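Here is the structure we will look at.
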2 protein chains.
Amino acid sequence: MRVRELGEFGLIERLVRRLTNGKLPAGAARTVVGVGDDAAVVQSAGRFQIATTDTMVEGVHFQAATASWADIGWKALASNISDIAAMGGTPEFALITLCLPPSLDVEAVDGLYQGLQECATTYDVTIVGGDIVRSPVLTITVALTGHAAVRPRGRPALLLRSAARVGDAIAISGFPGDSAGGLRLLQGSEPFIESEEHGRLVQAHRRPQPRVALGQLLVAEGVRCAIDVSDGLAQDLGHICEMSHVGAVVGVDRIPLSAALVRAFPDDALELAVGGGEDYELLFTAPLPVVNRVIERARIPVTVIGEVVRPSERPVRFIDEGGDEVRFEHLGWDHLAGGTAAA
Amino acid sequence: MRVRELGEFGLIERLVRRLTNGKLPAGAARTVVGVGDDAAVVQSAGRFQIATTDTMVEGVHFQAATASWADIGWKALASNISDIAAMGGTPEFALITLCLPPSLDVEAVDGLYQGLQECATTYDVTIVGGDIVRSPVLTITVALTGHAAVRPRGRPALLLRSAARVGDAIAISGFPGDSAGGLRLLQGSEPFIESEEHGRLVQAHRRPQPRVALGQLLVAEGVRCAIDVSDGLAQDLGHICEMSHVGAVVGVDRIPLSAALVRAFPDDALELAVGGGEDYELLFTAPLPVVNRVIERARIPVTVIGEVVRPSERPVRFIDEGGDEVRFEHLGWDHLAGGTAAA
């Protein structure tokens with residue numbers, strides 16, 4: 001069987017099974033959260049360390065044509081910071097691995113590092129080292145560690161994909177779809193106009209802002225379930241449903257669409273918001289009073305879009321104002337199968 | 001300028017300058033050892049955390065033809081463990097990133113993970129997560145964290161490349177060159193004979209044994225300077241000289257050559273030991289009485305091969321029994337320039 005046939009999620013599931021069935025090393029510090037969440041969490045010397053890694057491959061995750069090298073560097077680190085934000089943690093130290101074609105201009109590497117450093121400075125992350133190797137394909141891998149806040153009685157304060165409960169409200173930060181809209185503009189499918197609105201979409205794609213402060217607020221307010229939206233709202237909500245053994249109903253009219261997205265893509269704005277990836281917003285669930293407290297205290301827009309329900313055959317359902325189901329054609333991206341996965 | 005022209009070490013130097021000249025984030029936990037040593041060390045909540053990352057690219061760092069998938073997995077983790085061993089630390093948690101061509105057999109991935117898990121179990125490392133992405137080129141990146149022992153008064157016990165002092169003895173563990181000899185046999189430059197000796201060389205290449213216990217012994221005995229031999233004895237000793245601002249004189253007759261290497265490559269054994277990479281032995285310097293205590297207490301062979309001297313134009317010099325200088329043609333590998341760097 002080929003990797004393509006199994007797909008990213010099938011392969012991860014297979015490897016998780018191997019790892020957890022395999023003999024785990026005795027005496028290793030306790031793994032609090034293992035493979036399967038946004039990041040791993042390990043307990044070591046009374047501290048809860050969070051660790052995550054993310055890779056961007058030229059031609060797969062980015063094209064030098066639609067972003068500057070500095071933008072690519074920014075996003076490589078930002079996607080990792082977002083994983084730690086989705087756990088409610090604080091990012092600290094990064095290791096950067098660059099696989100470089102020997103024919104690459106050194107100025108490209110300088111640009112990558114400029115973007116990495118800008119993102120690190122913005123989010124108070126220290127780049128402590130890394131590796132540089134030769135490769136036919138330009139690839140950037142970031143490994144990032146951070147820590148979780150500690151609750152009374154020494155338990156970690158974490159946001160987990162597996163903690164959604166039936167009856168929870170489902171909420172999302174910011175405006176999903178802006179990044180996907182920006183990418184479409186960059187790919188030239190629509191004429192790009194030098195306007196504040198087009199600029200906003202393009203910026204959302206090029207310089208995503210991981211929601212570290214919001215993640216920490218969620219933890220402080222007692223939220224227990226979150227994920228960052230990297231594969232698209234529908235698919236990432238599906239991950240929560242799967243890990244929490246619940247279902248979700250989302251009202252399509254409640255999904256916050258930015259004015260910029262609606263004006264640039266009046267026909268496709270909703271589909272971009274539901275299926276487009278790389279938003280790096282936080283999607284979370286909690287009892288409605290808790291969510292309302294978050295909405296009041298957050299410095300960015302947070303919107304309730306639906307409700308956690310009992311699990312059913314189709315874990316994530318979208319409904320219109322009349323309660324009728326809405327179907328979307330393209331809902332998320334499977335990185336290995338190389339195509340879109342139908343929900 | 002192209003990456004090729006600057007080379008791996010030139011590029012690292014350039015990026016280090018950028019990182020250290022750039023505005024470092026305020027309030028980040030203290031970086032004890034930054035870019036430039038075997039691994040980075042950061043202080044966080046009274047603990048000294050060690051972090052390192054290493055990448056292997058198919059066609060550059062490994063060929064599926066000369067190793068099983070499990071061997072490749074083993075080595076990907078072992079090379080990182082070796083970096084932490086060279087700091088005198090204890091490895092703990094690993095993140096694994098696989099960049100996979102969609103056409104790859106899933107059995108290959110299973111094999112990789114088997115080797116990774118075998119190495120993790122052997123060295124008491126926990127694989128806590130990672131990332132899987134699509135890429136035209138199979139690439140394995142491991143990020144590994146660990147911790148350093150703490151000396152009285154809360155200072156970290158570390159082995160640094162920068163701590164060699166004039167007058168120190170230079171010592172090495174095991175038998176350098178065995179791995180390079182094994183690779184030559186695998187590449188078929190010499191007929192491979194099913195013998196214990198050839199098997200030993202091949203095994204040294206396929207399943208290197210990072211010297212974690214030795215690194216910890218070095219720290220306990222008061223050694224302060226070490227590096228792991230990954231680029232070759234001459235080149236890695238050159239790194240110590242550069243970082244410590246010293247020179248080194250090595251007696252070629254003192255370099256420990258395994259009987260297996262000498263018999264398989266009677267003419268080239270010395271050159272393989274001096275210039276061949278991927279030994280993952282520890283090369284260290286300390287006052288001779290300290291080294292002698294280590295030799296007595298180590299469970300593996302440790303051999304004195306030379307002395308740290310004042311810096312001169314050629315930092316690393318090799319001499320024969322008569323005191324005459326010996327020159328080697330190929331001394332180490334520059335991963336970006338894609339050729340050998342003359343010392």
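By convention here, the chains of the structure tokens are called A, B, ... in the order presented, each chain's residues are numbered starting at 1, and ligands are numbered starting at 1 in the order presented.
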Compute the set of chain A residues within 6 Å of chain B, using only C-alpha atoms, and express it as a PDB file with N, CA and C atoms, in the first residue's frame.
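File written: out-v1.pdb
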ATOM      1  N   MET A   1       0.844  -1.204   0.000  1.00  0.00           N
ATOM      2  CA  MET A   1       0.000   0.000   0.000  1.00  0.00           C
ATOM      3  C   MET A   1       0.877   1.250   0.000  1.00  0.00           C
ATOM      4  N   ARG A   2       0.438   2.263  -0.753  1.00  0.00           N
ATOM      5  CA  ARG A   2       1.194   3.503  -0.829  1.00  0.00           C
ATOM      6  C   ARG A   2       0.718   4.477   0.247  1.00  0.00           C
ATOM      7  N   VAL A   3       1.610   5.382   0.615  1.00  0.00           N
ATOM      8  CA  VAL A   3       1.284   6.444   1.564  1.00  0.00           C
ATOM      9  C   VAL A   3       0.067   7.230   1.073  1.00  0.00           C
ATOM     10  N   ARG A   4       0.025   7.471  -0.249  1.00  0.00           N
ATOM     11  CA  ARG A   4      -1.068   8.231  -0.863  1.00  0.00           C
ATOM     12  C   ARG A   4      -2.433   7.621  -0.535  1.00  0.00           C
ATOM     13  N   PRO A  25       9.300   3.326  26.975  1.00  0.00           N
ATOM     14  CA  PRO A  25      10.466   3.268  27.851  1.00  0.00           C
ATOM     15  C   PRO A  25      10.070   3.447  29.311  1.00  0.00           C
ATOM     16  N   GLY A  34      -0.214  12.788  24.363  1.00  0.00           N
ATOM     17  CA  GLY A  34       0.699  12.220  23.376  1.00  0.00           C
ATOM     18  C   GLY A  34       0.296  12.618  21.971  1.00  0.00           C
ATOM     19  N   VAL A  35       0.619  11.759  21.004  1.00  0.00           N
ATOM     20  CA  VAL A  35       0.298  12.019  19.607  1.00  0.00           C
ATOM     21  C   VAL A  35      -1.213  12.187  19.443  1.00  0.00           C
ATOM     22  N   ALA A  40       2.182  17.997  21.930  1.00  0.00           N
ATOM     23  CA  ALA A  40       2.373  17.010  22.984  1.00  0.00           C
ATOM     24  C   ALA A  40       2.676  17.732  24.292  1.00  0.00           C
ATOM     25  N   THR A  53       5.870  20.386  16.380  1.00  0.00           N
ATOM     26  CA  THR A  53       6.720  20.613  15.212  1.00  0.00           C
ATOM     27  C   THR A  53       5.854  20.668  13.970  1.00  0.00           C
ATOM     28  N   ASP A  54       6.277  21.469  13.009  1.00  0.00           N
ATOM     29  CA  ASP A  54       5.513  21.683  11.788  1.00  0.00           C
ATOM     30  C   ASP A  54       6.497  21.919  10.654  1.00  0.00           C
ATOM     31  N   PRO A 102      21.361  23.643  -2.951  1.00  0.00           N
ATOM     32  CA  PRO A 102      22.613  24.404  -3.004  1.00  0.00           C
ATOM     33  C   PRO A 102      22.570  25.584  -3.975  1.00  0.00           C
ATOM     34  N   SER A 103      21.647  25.555  -4.933  1.00  0.00           N
ATOM     35  CA  SER A 103      21.574  26.642  -5.911  1.00  0.00           C
ATOM     36  C   SER A 103      20.740  27.818  -5.417  1.00  0.00           C
ATOM     37  N   LEU A 104      20.163  27.697  -4.223  1.00  0.00           N
ATOM     38  CA  LEU A 104      19.311  28.774  -3.698  1.00  0.00           C
ATOM     39  C   LEU A 104      20.147  30.013  -3.409  1.00  0.00           C
ATOM     40  N   ASP A 105      19.560  31.182  -3.673  1.00  0.00           N
ATOM     41  CA  ASP A 105      20.239  32.432  -3.335  1.00  0.00           C
ATOM     42  C   ASP A 105      20.330  32.584  -1.825  1.00  0.00           C
ATOM     43  N   VAL A 106      21.481  33.007  -1.350  1.00  0.00           N
ATOM     44  CA  VAL A 106      21.657  33.222   0.084  1.00  0.00           C
ATOM     45  C   VAL A 106      20.679  34.285   0.579  1.00  0.00           C
ATOM     46  N   THR A 121      10.222  37.546  17.685  1.00  0.00           N
ATOM     47  CA  THR A 121      10.223  38.754  18.515  1.00  0.00           C
ATOM     48  C   THR A 121       8.791  39.126  18.916  1.00  0.00           C
ATOM     49  N   ASP A 124       7.666  36.626  21.552  1.00  0.00           N
ATOM     50  CA  ASP A 124       8.559  36.402  22.676  1.00  0.00           C
ATOM     51  C   ASP A 124       9.125  34.975  22.692  1.00  0.00           C
ATOM     52  N   VAL A 128      16.825  29.060  19.422  1.00  0.00           N
ATOM     53  CA  VAL A 128      18.028  28.623  20.135  1.00  0.00           C
ATOM     54  C   VAL A 128      18.974  27.777  19.279  1.00  0.00           C
ATOM     55  N   GLY A 129      18.541  27.368  18.116  1.00  0.00           N
ATOM     56  CA  GLY A 129      19.452  26.570  17.297  1.00  0.00           C
ATOM     57  C   GLY A 129      18.710  25.925  16.156  1.00  0.00           C
ATOM     58  N   GLY A 130      19.345  24.902  15.570  1.00  0.00           N
ATOM     59  CA  GLY A 130      18.703  24.224  14.463  1.00  0.00           C
ATOM     60  C   GLY A 130      19.694  23.432  13.649  1.00  0.00           C
ATOM     61  N   ASP A 131      19.343  23.207  12.414  1.00  0.00           N
ATOM     62  CA  ASP A 131      20.171  22.385  11.541  1.00  0.00           C
ATOM     63  C   ASP A 131      20.009  22.924  10.121  1.00  0.00           C
ATOM     64  N   VAL A 133      20.777  21.589   6.178  1.00  0.00           N
ATOM     65  CA  VAL A 133      21.254  20.487   5.346  1.00  0.00           C
ATOM     66  C   VAL A 133      20.924  20.751   3.886  1.00  0.00           C
ATOM     67  N   ARG A 134      21.616  20.024   3.033  1.00  0.00           N
ATOM     68  CA  ARG A 134      21.380  20.115   1.597  1.00  0.00           C
ATOM     69  C   ARG A 134      20.199  19.226   1.235  1.00  0.00           C
ATOM     70  N   HIS A 335      -3.023  16.297   3.439  1.00  0.00           N
ATOM     71  CA  HIS A 335      -1.709  16.658   2.911  1.00  0.00           C
ATOM     72  C   HIS A 335      -1.027  15.517   2.167  1.00  0.00           C
ATOM     73  N   LEU A 336      -1.343  14.285   2.517  1.00  0.00           N
ATOM     74  CA  LEU A 336      -0.668  13.177   1.844  1.00  0.00           C
ATOM     75  C   LEU A 336      -1.439  12.689   0.628  1.00  0.00           C
TER      76      LEU A 336
END
* Mind checking DSSP for segment 52-270 of chain B and telling me the strand (DSSP E) residues as number ranges by chain? -> B: 52-57, 90-100, 126-134, 139-147, 149-150, 156-157, 169-173, 225-228, 247-251
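Going from atom CA of Arg151 of chain B to atom CA of Met87 of chain B covers 14.2 Å.
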* To do: Within segment 191-337 of chain A, find each residue whose DSSP state, derived from the backbone, is alpha helix (DSSP H), and express the selection as a ChimeraX atom specification.
  => /A:196-206,212-220,233-244,259-264,269-275,288-297
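Of the listed residues A:Trp69, A:Tyr280, A:Phe265, A:Phe318, the one whose atoms come nearest to His205 of chain A is A:Tyr280, with distances taken using only C-alpha atoms.
Take the candidates B:Gln63, B:Val212, B:Gln43, B:Asp71 and check each one against Gly154 of chain B using only C-alpha atoms; the shortest distance goes to B:Gln43.
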* Residues within 10 Å of Leu218 of chain A, only C-alpha atoms, excluding chain neighbours under 3 positions, as a ChimeraX atom specification -> /A:85-88,157-159,212-215,221-226,282,284-286,290-291,293-294,297-298
So which residues touch Leu183 of chain A within 7 Å, counting only C-alpha atoms, skipping near sequence neighbours fewer than 4 positions away, as a short mmCIF file (atom, residue, chain, number, x, y, z; two decimals) with N, CA, C and O atoms, in the first residue's frame?
data_model
loop_
_atom_site.label_atom_id
_atom_site.label_comp_id
_atom_site.auth_asym_id
_atom_site.auth_seq_id
_atom_site.Cartn_x
_atom_site.Cartn_y
_atom_site.Cartn_z
N SER A 179 -7.74 33.96 5.13
CA SER A 179 -6.47 33.46 4.61
C SER A 179 -6.65 32.77 3.26
O SER A 179 -5.90 33.01 2.32
N GLN A 187 -3.02 33.92 -6.03
CA GLN A 187 -2.89 32.99 -7.16
C GLN A 187 -3.48 33.58 -8.43
O GLN A 187 -3.41 32.96 -9.49
N VAL A 202 -4.91 39.33 1.88
CA VAL A 202 -3.56 38.87 1.55
C VAL A 202 -2.70 38.83 2.82
O VAL A 202 -1.94 37.89 3.05
N HIS A 205 -3.28 35.85 4.89
CA HIS A 205 -2.62 34.65 4.39
C HIS A 205 -1.12 34.68 4.64
O HIS A 205 -0.51 33.67 4.99
#
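Shortest separation to Ala269 of chain A among A:Leu186, A:Glu242, A:Ala78, A:Ile255 occurs at residue A:Ile255, atoms counted being only C-alpha atoms.
In this comparison, which uses only C-alpha atoms, the residue of A:Gly251, A:Gly181, A:Gly167, A:Gly146 approaching Gly306 of chain A most closely is A:Gly251.
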